[in-house]
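Shown next, in structure tokens, is the structure this report addresses.
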Amino acid sequence: MKPNQSPYLDLRQIPLNALLAFEAAGRHCHMRRAAQEMFVSHSALSRHIKLLEARLGTQLFERKHNKLRLTAPGSRLLASIQSAFSELNKGLHSLDPTLVAGEVVIGTTATIMLNWLLPVLAKVQQQYPEITFNLQTLEPQQQSLPSNLDMALCLGKPKDPNRVVSKLYDEYYVPVCNPSLLKGLPVQNVEQLLGYPLIHDSLQQWFTWFEHHTLDGNTAKQHTYFEYAYQAIEAARLGMGMVLADIVEVEEDIKQGKLMQAIDSPHTEGQSVYLATHEDSQVNYRTQLVINSVLENLTQKGAKLGSAN
């Protein structure tokens, strides 16, 4: 017997029709409406409910003042059944080639694409090989978006009146480097970081970060400049110095030992990542699959999601 499994009940012993009847009755709290929805007689629906209560040994409904109400066990069961039916419905939809097959056009920055989005898309494509991806590169802080995008992951809030734009998460910067640069041991204070080469991208956020710690970043031992953050992060992987990176973008590198956090002193610089999509009614099923996978991945990485979901 599996943990938390009741020794008295087995799903195989409960007729599916009884569960369907109970879900409809519980949702409406009205037997006649539920019977009409299921195209069965009132008496047939009642028999299903009585059979289910007998199998479970639990009263699921009670009548008070001629009104049908769920008991506490009935409410718990209804929530579980509706959740299970919802997952089953998703599974059935995923088999519909007219919903899944086709292209998803995604716009995002090169850093987001290379550091965490591509592995998400690879998993989606493994599960849904009918989906093809068209990836387009956006610049950080890009205001206008190409009209052909199904979705966009933007660094900085775009101005697009034709799309729904929601904050995904705020970037949370930490100093990271190849473990060999520090012999695997983090520094003791922020000032010590000035003794190492600093790697910058075009945003040059090291200087603001040090200013937050009342230090002058210009006094660092050495500076190396790149145009894009993914280039700066790759240079850090190769041991060229310290880079200030969003924890979401380097979380997997830290897990794998390619990078280490140089000091436990994060600081948010005000950059945010936004999700831009069409109105809900215009988002196709395959695009929604990608959005759900992105949100799930970010949650696993510990990102504090905004209102995108």
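Scheme for the structure tokens: letters A, B, ... for chains in order shown; per-chain residue numbers from 1; ligand numbers from 1 in order shown.
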
Q: Run DSSP on the backbone and give me the residues of range 82-288 of chain A it puts in alpha helix (DSSP H), as number ranges by chain.
A: A: 82-93, 97-100, 110-112, 118-127, 206-212, 229-237, 247-256, 285-288

Quick one: which range 234-259 of chain A residues come within 8 Å of range 163-177 of chain A, and what is the nearest atom pair for each with the distance in Å to one decimal, counting only C-alpha atoms, rows ordered by chain and ascending number, as a tab-separated table?
```
residue	atom	partner	partner_atom	distance
A:Ala236	CA	A:Cys177	CA	5.2
A:Arg237	CA	A:Cys177	CA	6.5
A:Gly239	CA	A:Cys177	CA	6.7
A:Gly241	CA	A:Cys177	CA	6.2
A:Met242	CA	A:Cys177	CA	4.9
A:Val243	CA	A:Val176	CA	5.6
A:Leu244	CA	A:Pro175	CA	4.5
A:Ala245	CA	A:Tyr173	CA	5.1
A:Asp246	CA	A:Tyr173	CA	4.4
A:Ile247	CA	A:Tyr172	CA	5.8
A:Val248	CA	A:Glu171	CA	7.6
A:Leu259	CA	A:Cys177	CA	5.2
```

Q.
Under the rule that only C-alpha atoms are counted, which of A:Thr109, A:Gln261, A:Gln136, A:Gln231 is the nearest residue to Leu182 in chain A?
A.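 Of all the options, A:Gln261 lies closest to Leu182 in chain A.
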
**Q.** Option closest in space to Met260 in chain A, from A:Asn89, A:Asn178, A:Thr58, A:Ser147 [counting only C-alpha atoms]
**A.**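 Closest to Met260 in chain A, using only C-alpha atoms: A:Asn178.
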
Q: Any chance you could list, as a PyMOL selection string, the residues in range 101-288 of chain A that come up strand (DSSP E or B) when DSSP is run on the backbone?
A: chain A and resi 102-109+131-138+151-155+164-170+173-177+197-200+222-225+242-246+260-261+267+272-277

**Q.** Atom pair CA of Ile14 in chain A / CA of Thr71 in chain A: separation (Å)
**A.**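 Between CA of Ile14 in chain A and CA of Thr71 in chain A the gap is 19.4 Å.
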
Q. Closest to Gln222 in chain A among A:Asp160, A:Asn115, A:Leu198, A:Leu203, using only C-alpha atoms?
A. A:Leu198

Q. In terms of the shortest atom-to-atom distance over only C-alpha atoms, which of A:Arg55, A:Lys159, A:His30, A:Ile49 is closest to Gln13 in chain A?
A.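 When distances to Gln13 in chain A are compared using only C-alpha atoms, the smallest one comes from A:Arg55.
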
Q: Could you jot down the CA of Leu20 in chain A to CA of Lys67 in chain A separation for me, Å, one decimal place?
A: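 That distance, rounded to one decimal, is 20.8 Å.
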
Q: Name the closest residue to Leu149 in chain A among the candidates A:Val283, A:Ala79, A:Ile263, A:Ala235; distances are taken between atoms, counting only C-alpha atoms.
A: A:Val283

Q | Proximity to Thr287 in chain A - best of A:Leu60, A:Cys29, A:Leu99, A:Leu145, only C-alpha atoms | A | A:Leu99

Q: Tell me which protein, DNA and RNA residues are within 9 Å of Gly156 in chain A, counting only C-alpha atoms, leaving out same-chain ones fewer than 4 positions away, and put them as number ranges by chain.
A: A: 140-143, 271-274

(Q) Need to verify the contact set: Leu298 in chain A, 12 Å, only C-alpha atoms, exclusion of same-chain residues closer than 5 positions in sequence. Can you return it as a ChimeraX atom specification? (A) /A:112,116-117,119-120,168-171,247-249,251-252,273,291-293,303-306,308-309

**Q.** Distance query Asn148 in chain A at most 10 Å, only C-alpha atoms, self and fewer than 6 positions along chain excluded, as a PyMOL selection string
**A.** chain A and resi 104-107

Q: May I ask for the distance between CA of Ser144 in chain A and CA of Val250 in chain A, given in Å to one decimal place?
A: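 Going from CA of Ser144 in chain A over to CA of Val250 in chain A, I get 27.5 Å.
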